[in-house]
file upload.txt (compact mmCIF, N, CA, C and O atoms)
# COMPACT_ATOMS: atom_id res chain seq x y z
N MET Y 1 -17.20 46.53 -4.72
CA MET Y 1 -15.90 45.94 -4.48
C MET Y 1 -15.73 44.72 -5.38
O MET Y 1 -16.63 43.91 -5.51
N ALA Y 2 -14.58 44.60 -5.99
CA ALA Y 2 -14.31 43.46 -6.87
C ALA Y 2 -14.16 42.18 -6.05
O ALA Y 2 -13.68 42.21 -4.92
N SER Y 3 -14.55 41.07 -6.65
CA SER Y 3 -14.39 39.77 -5.99
C SER Y 3 -12.91 39.41 -5.95
O SER Y 3 -12.15 39.71 -6.87
N ARG Y 4 -12.54 38.76 -4.89
CA ARG Y 4 -11.17 38.25 -4.77
C ARG Y 4 -11.21 36.78 -5.14
O ARG Y 4 -11.98 36.01 -4.58
N ILE Y 5 -10.37 36.40 -6.09
CA ILE Y 5 -10.32 35.03 -6.57
C ILE Y 5 -8.91 34.50 -6.41
O ILE Y 5 -7.95 35.15 -6.81
N ALA Y 6 -8.80 33.31 -5.81
CA ALA Y 6 -7.51 32.67 -5.64
C ALA Y 6 -7.47 31.37 -6.43
O ALA Y 6 -8.44 30.61 -6.44
N LEU Y 7 -6.35 31.13 -7.11
CA LEU Y 7 -6.10 29.87 -7.79
C LEU Y 7 -5.06 29.14 -6.95
O LEU Y 7 -3.96 29.64 -6.75
N ILE Y 8 -5.42 27.96 -6.45
CA ILE Y 8 -4.54 27.21 -5.56
C ILE Y 8 -4.15 25.91 -6.23
O ILE Y 8 -5.00 25.08 -6.55
N THR Y 9 -2.85 25.72 -6.43
CA THR Y 9 -2.36 24.49 -7.04
C THR Y 9 -2.18 23.44 -5.95
O THR Y 9 -1.84 23.76 -4.82
N GLY Y 10 -2.42 22.19 -6.32
CA GLY Y 10 -2.24 21.09 -5.37
C GLY Y 10 -3.13 21.20 -4.15
O GLY Y 10 -2.73 20.90 -3.03
N ALA Y 11 -4.35 21.62 -4.35
CA ALA Y 11 -5.24 21.91 -3.23
C ALA Y 11 -6.14 20.76 -2.83
O ALA Y 11 -7.09 20.95 -2.08
N THR Y 12 -5.87 19.55 -3.30
CA THR Y 12 -6.73 18.44 -2.92
C THR Y 12 -6.35 17.83 -1.58
O THR Y 12 -7.07 16.97 -1.07
N ASP Y 13 -5.23 18.26 -1.01
CA ASP Y 13 -4.86 17.82 0.35
C ASP Y 13 -3.77 18.73 0.92
O ASP Y 13 -3.34 19.68 0.27
N GLY Y 14 -3.38 18.47 2.13
CA GLY Y 14 -2.27 19.16 2.77
C GLY Y 14 -2.42 20.67 2.86
O GLY Y 14 -3.49 21.20 3.11
N ILE Y 15 -1.29 21.34 2.63
CA ILE Y 15 -1.23 22.80 2.76
C ILE Y 15 -2.17 23.49 1.78
O ILE Y 15 -2.80 24.49 2.11
N GLY Y 16 -2.27 22.97 0.56
CA GLY Y 16 -3.16 23.58 -0.42
C GLY Y 16 -4.61 23.57 0.02
O GLY Y 16 -5.33 24.56 -0.12
N LYS Y 17 -5.05 22.45 0.58
CA LYS Y 17 -6.43 22.35 1.07
C LYS Y 17 -6.65 23.27 2.26
O LYS Y 17 -7.69 23.92 2.37
N ALA Y 18 -5.66 23.35 3.14
CA ALA Y 18 -5.76 24.25 4.30
C ALA Y 18 -5.83 25.70 3.85
O ALA Y 18 -6.58 26.51 4.41
N THR Y 19 -5.08 26.04 2.81
CA THR Y 19 -5.11 27.39 2.26
C THR Y 19 -6.48 27.70 1.67
O THR Y 19 -7.02 28.79 1.88
N ALA Y 20 -7.05 26.75 0.95
CA ALA Y 20 -8.39 26.94 0.39
C ALA Y 20 -9.40 27.21 1.50
O ALA Y 20 -10.21 28.13 1.40
N ARG Y 21 -9.34 26.42 2.56
CA ARG Y 21 -10.26 26.63 3.70
C ARG Y 21 -10.10 28.03 4.30
O ARG Y 21 -11.08 28.71 4.59
N SER Y 22 -8.86 28.42 4.49
CA SER Y 22 -8.58 29.73 5.08
C SER Y 22 -9.15 30.85 4.22
O SER Y 22 -9.77 31.80 4.73
N LEU Y 23 -8.95 30.76 2.92
CA LEU Y 23 -9.47 31.79 2.03
C LEU Y 23 -10.99 31.77 1.94
O LEU Y 23 -11.63 32.84 1.91
N LEU Y 24 -11.58 30.60 1.92
CA LEU Y 24 -13.05 30.52 1.89
C LEU Y 24 -13.66 31.12 3.16
O LEU Y 24 -14.73 31.75 3.09
N ARG Y 25 -12.99 30.96 4.29
CA ARG Y 25 -13.48 31.58 5.54
C ARG Y 25 -13.55 33.09 5.44
O ARG Y 25 -14.33 33.72 6.14
N THR Y 26 -12.69 33.67 4.61
CA THR Y 26 -12.65 35.12 4.49
C THR Y 26 -13.29 35.61 3.19
O THR Y 26 -12.97 36.68 2.69
N ASN Y 27 -14.18 34.79 2.65
CA ASN Y 27 -15.05 35.15 1.51
C ASN Y 27 -14.33 35.31 0.18
O ASN Y 27 -14.81 36.02 -0.69
N TRP Y 28 -13.21 34.65 0.00
CA TRP Y 28 -12.57 34.60 -1.31
C TRP Y 28 -13.30 33.56 -2.15
O TRP Y 28 -13.82 32.58 -1.63
N ALA Y 29 -13.31 33.77 -3.45
CA ALA Y 29 -13.71 32.72 -4.40
C ALA Y 29 -12.44 31.91 -4.65
O ALA Y 29 -11.36 32.47 -4.80
N VAL Y 30 -12.57 30.59 -4.67
CA VAL Y 30 -11.39 29.73 -4.77
C VAL Y 30 -11.55 28.77 -5.95
O VAL Y 30 -12.60 28.15 -6.12
N VAL Y 31 -10.48 28.66 -6.72
CA VAL Y 31 -10.38 27.66 -7.79
C VAL Y 31 -9.20 26.77 -7.40
O VAL Y 31 -8.09 27.27 -7.21
N ILE Y 32 -9.46 25.48 -7.25
CA ILE Y 32 -8.38 24.56 -6.92
C ILE Y 32 -7.95 23.82 -8.18
O ILE Y 32 -8.73 23.66 -9.11
N THR Y 33 -6.70 23.39 -8.20
CA THR Y 33 -6.22 22.56 -9.30
C THR Y 33 -5.64 21.28 -8.73
O THR Y 33 -5.19 21.23 -7.59
N GLY Y 34 -5.68 20.25 -9.55
CA GLY Y 34 -5.10 18.97 -9.18
C GLY Y 34 -5.04 18.08 -10.41
O GLY Y 34 -5.64 18.39 -11.44
N ARG Y 35 -4.31 16.98 -10.29
CA ARG Y 35 -4.17 16.07 -11.43
C ARG Y 35 -5.31 15.07 -11.52
O ARG Y 35 -5.62 14.57 -12.59
N SER Y 36 -5.95 14.76 -10.40
CA SER Y 36 -6.99 13.74 -10.38
C SER Y 36 -8.38 14.38 -10.40
O SER Y 36 -8.75 15.10 -9.46
N PRO Y 37 -9.16 14.11 -11.45
CA PRO Y 37 -10.52 14.66 -11.49
C PRO Y 37 -11.35 14.24 -10.27
O PRO Y 37 -12.09 15.05 -9.73
N GLU Y 38 -11.19 13.00 -9.86
CA GLU Y 38 -11.96 12.50 -8.70
C GLU Y 38 -11.58 13.24 -7.42
O GLU Y 38 -12.46 13.65 -6.66
N LYS Y 39 -10.29 13.41 -7.17
CA LYS Y 39 -9.86 14.12 -5.97
C LYS Y 39 -10.29 15.58 -6.00
O LYS Y 39 -10.71 16.13 -4.98
N CYS Y 40 -10.23 16.20 -7.18
CA CYS Y 40 -10.67 17.59 -7.29
C CYS Y 40 -12.16 17.71 -6.98
O CYS Y 40 -12.57 18.57 -6.19
N LYS Y 41 -12.96 16.85 -7.58
CA LYS Y 41 -14.41 16.90 -7.35
C LYS Y 41 -14.73 16.64 -5.88
O LYS Y 41 -15.55 17.35 -5.29
N ASN Y 42 -14.09 15.62 -5.30
CA ASN Y 42 -14.35 15.31 -3.88
C ASN Y 42 -13.96 16.47 -2.98
O ASN Y 42 -14.68 16.78 -2.02
N THR Y 43 -12.86 17.12 -3.27
CA THR Y 43 -12.42 18.25 -2.45
C THR Y 43 -13.39 19.42 -2.58
O THR Y 43 -13.78 20.01 -1.56
N VAL Y 44 -13.81 19.72 -3.80
CA VAL Y 44 -14.77 20.82 -3.99
C VAL Y 44 -16.09 20.50 -3.29
O VAL Y 44 -16.68 21.36 -2.63
N ASP Y 45 -16.55 19.26 -3.40
CA ASP Y 45 -17.79 18.87 -2.73
C ASP Y 45 -17.67 19.03 -1.22
O ASP Y 45 -18.58 19.54 -0.56
N GLU Y 46 -16.54 18.60 -0.67
CA GLU Y 46 -16.30 18.71 0.78
C GLU Y 46 -16.28 20.18 1.22
O GLU Y 46 -16.91 20.55 2.21
N LEU Y 47 -15.58 21.02 0.46
CA LEU Y 47 -15.49 22.43 0.82
C LEU Y 47 -16.84 23.14 0.66
O LEU Y 47 -17.18 24.02 1.45
N ALA Y 48 -17.60 22.74 -0.34
CA ALA Y 48 -18.92 23.35 -0.56
C ALA Y 48 -19.88 23.02 0.59
O ALA Y 48 -20.73 23.85 0.95
N VAL Y 49 -19.75 21.85 1.18
CA VAL Y 49 -20.57 21.50 2.34
C VAL Y 49 -20.12 22.31 3.55
O VAL Y 49 -20.95 22.84 4.30
N GLU Y 50 -18.82 22.43 3.72
CA GLU Y 50 -18.27 23.16 4.86
C GLU Y 50 -18.53 24.66 4.75
O GLU Y 50 -18.74 25.34 5.76
N PHE Y 51 -18.53 25.19 3.53
CA PHE Y 51 -18.74 26.62 3.28
C PHE Y 51 -19.85 26.78 2.24
O PHE Y 51 -19.58 27.07 1.07
N PRO Y 52 -21.11 26.59 2.64
CA PRO Y 52 -22.22 26.52 1.68
C PRO Y 52 -22.46 27.80 0.89
O PRO Y 52 -23.02 27.74 -0.20
N ASN Y 53 -22.05 28.93 1.38
CA ASN Y 53 -22.28 30.19 0.66
C ASN Y 53 -21.05 30.63 -0.13
O ASN Y 53 -20.97 31.77 -0.57
N SER Y 54 -20.11 29.74 -0.31
CA SER Y 54 -18.86 30.10 -0.96
C SER Y 54 -18.89 29.79 -2.45
O SER Y 54 -19.77 29.09 -2.95
N LYS Y 55 -17.90 30.32 -3.14
CA LYS Y 55 -17.70 30.02 -4.55
C LYS Y 55 -16.40 29.22 -4.64
O LYS Y 55 -15.32 29.75 -4.42
N VAL Y 56 -16.54 27.94 -4.93
CA VAL Y 56 -15.37 27.07 -5.04
C VAL Y 56 -15.55 26.17 -6.25
O VAL Y 56 -16.63 25.63 -6.49
N SER Y 57 -14.51 26.07 -7.05
CA SER Y 57 -14.55 25.26 -8.26
C SER Y 57 -13.17 24.65 -8.48
O SER Y 57 -12.25 24.91 -7.72
N TYR Y 58 -13.06 23.85 -9.55
CA TYR Y 58 -11.76 23.22 -9.79
C TYR Y 58 -11.43 23.15 -11.28
O TYR Y 58 -12.30 23.23 -12.13
N LEU Y 59 -10.13 23.00 -11.53
CA LEU Y 59 -9.59 22.73 -12.86
C LEU Y 59 -8.67 21.53 -12.73
O LEU Y 59 -7.84 21.49 -11.83
N VAL Y 60 -8.83 20.57 -13.60
CA VAL Y 60 -7.92 19.43 -13.61
C VAL Y 60 -6.72 19.83 -14.48
O VAL Y 60 -6.88 20.23 -15.63
N ALA Y 61 -5.53 19.76 -13.87
CA ALA Y 61 -4.32 20.16 -14.59
C ALA Y 61 -3.10 19.48 -13.98
O ALA Y 61 -3.00 19.35 -12.76
N ASP Y 62 -2.19 19.08 -14.84
CA ASP Y 62 -0.91 18.54 -14.39
C ASP Y 62 0.13 19.62 -14.69
O ASP Y 62 0.52 19.83 -15.84
N LEU Y 63 0.56 20.31 -13.67
CA LEU Y 63 1.48 21.43 -13.83
C LEU Y 63 2.93 21.03 -13.58
O LEU Y 63 3.80 21.88 -13.42
N SER Y 64 3.20 19.75 -13.59
CA SER Y 64 4.55 19.27 -13.26
C SER Y 64 5.54 19.47 -14.40
O SER Y 64 6.74 19.33 -14.18
N GLN Y 65 5.08 19.75 -15.59
CA GLN Y 65 6.02 19.90 -16.72
C GLN Y 65 6.20 21.33 -17.13
O GLN Y 65 5.42 22.15 -17.07
call {"tool": "encode", "arguments": {"input": "upload.txt", "output": "structure tokens"}}
result
Amino acid sequence: MASRIALITGATDGIGKATARSLLRTNWAVVITGRSPEKCKNTVDELAVEFPNSKVSYLVADLSQ
């Protein structure tokens, strides 16, 4: 079976972060995006502790333009 991968924009807080958690619970691989490298890293670190067997990473990107 192919891996399911989700790209979530604005996932360092709020609805985006809740969506990442929900997908990680169901064994999706998750890539989050955000404008702040620090917030992205902190969010990935937090999710990796909460879901130690998951695949979660980040891309720093400003998609506002």
call {"tool": "residues_around", "arguments": {"input": "upload.txt", "residues": "Y:Ala6", "least_positions_apart": "6", "cutoff": "6 Å", "atoms": "all atoms listed in the file", "output": "list in words"}}
result
Trp28, Ala29, Val30, Val31 and Ile32 of chain Y
call {"tool": "residues_around", "arguments": {"input": "upload.txt", "residues": "Y:Thr43", "least_positions_apart": "4", "cutoff": "8 Å", "atoms": "only N, CA, C and O atoms", "output": "list in words"}}
result
Ala11, Thr12, Asp13, Ser36, Pro37, Glu38, Lys39, Leu47, Ala48, Val49, Glu50, Val56 and Ser57 of chain Y
call {"tool": "closest_residue", "arguments": {"input": "upload.txt", "among": "Y:Thr33, Y:Glu46, Y:Ser3, Y:Val60", "to": "Y:Gly16", "atoms": "only N, CA, C and O atoms"}}
result
Y:Thr33
call {"tool": "closest_residue", "arguments": {"input": "upload.txt", "among": "Y:Asn42, Y:Leu59, Y:Ser54, Y:Gln65", "to": "Y:Arg25", "atoms": "all atoms listed in the file"}}
result
Y:Ser54
call {"tool": "select_by_dssp", "arguments": {"input": "upload.txt", "residues": "chain Y", "states": "alpha helix (DSSP H)", "output": "ChimeraX atom specification"}}
result
/Y:14-25,37-50
call {"tool": "atom_distance", "arguments": {"input": "upload.txt", "atom1": "atom C of Y:Phe51", "atom2": "atom CA of Y:Leu63"}}
result
27.2 Å
call {"tool": "select_by_dssp", "arguments": {"input": "upload.txt", "residues": "chain Y", "states": "strand (DSSP E or B)", "output": "list of chain:residue names"}}
result
Y:Ile5, Y:Ala6, Y:Leu7, Y:Ile8, Y:Ala29, Y:Val30, Y:Val31, Y:Ile32, Y:Thr33, Y:Gly34, Y:Val56, Y:Ser57, Y:Tyr58, Y:Leu59, Y:Val60
call {"tool": "atom_distance", "arguments": {"input": "upload.txt", "atom1": "atom CA of Y:Ile8", "atom2": "atom CA of Y:Ala20"}}
result
7.1 Å
call {"tool": "atom_distance", "arguments": {"input": "upload.txt", "atom1": "atom N of Y:Ser22", "atom2": "atom O of Y:Cys40"}}
result
15.0 Å
call {"tool": "closest_residue", "arguments": {"input": "upload.txt", "among": "Y:Lys55, Y:Ala61, Y:Arg21, Y:Thr26", "to": "Y:Thr9", "atoms": "all atoms listed in the file"}}
result
Y:Ala61
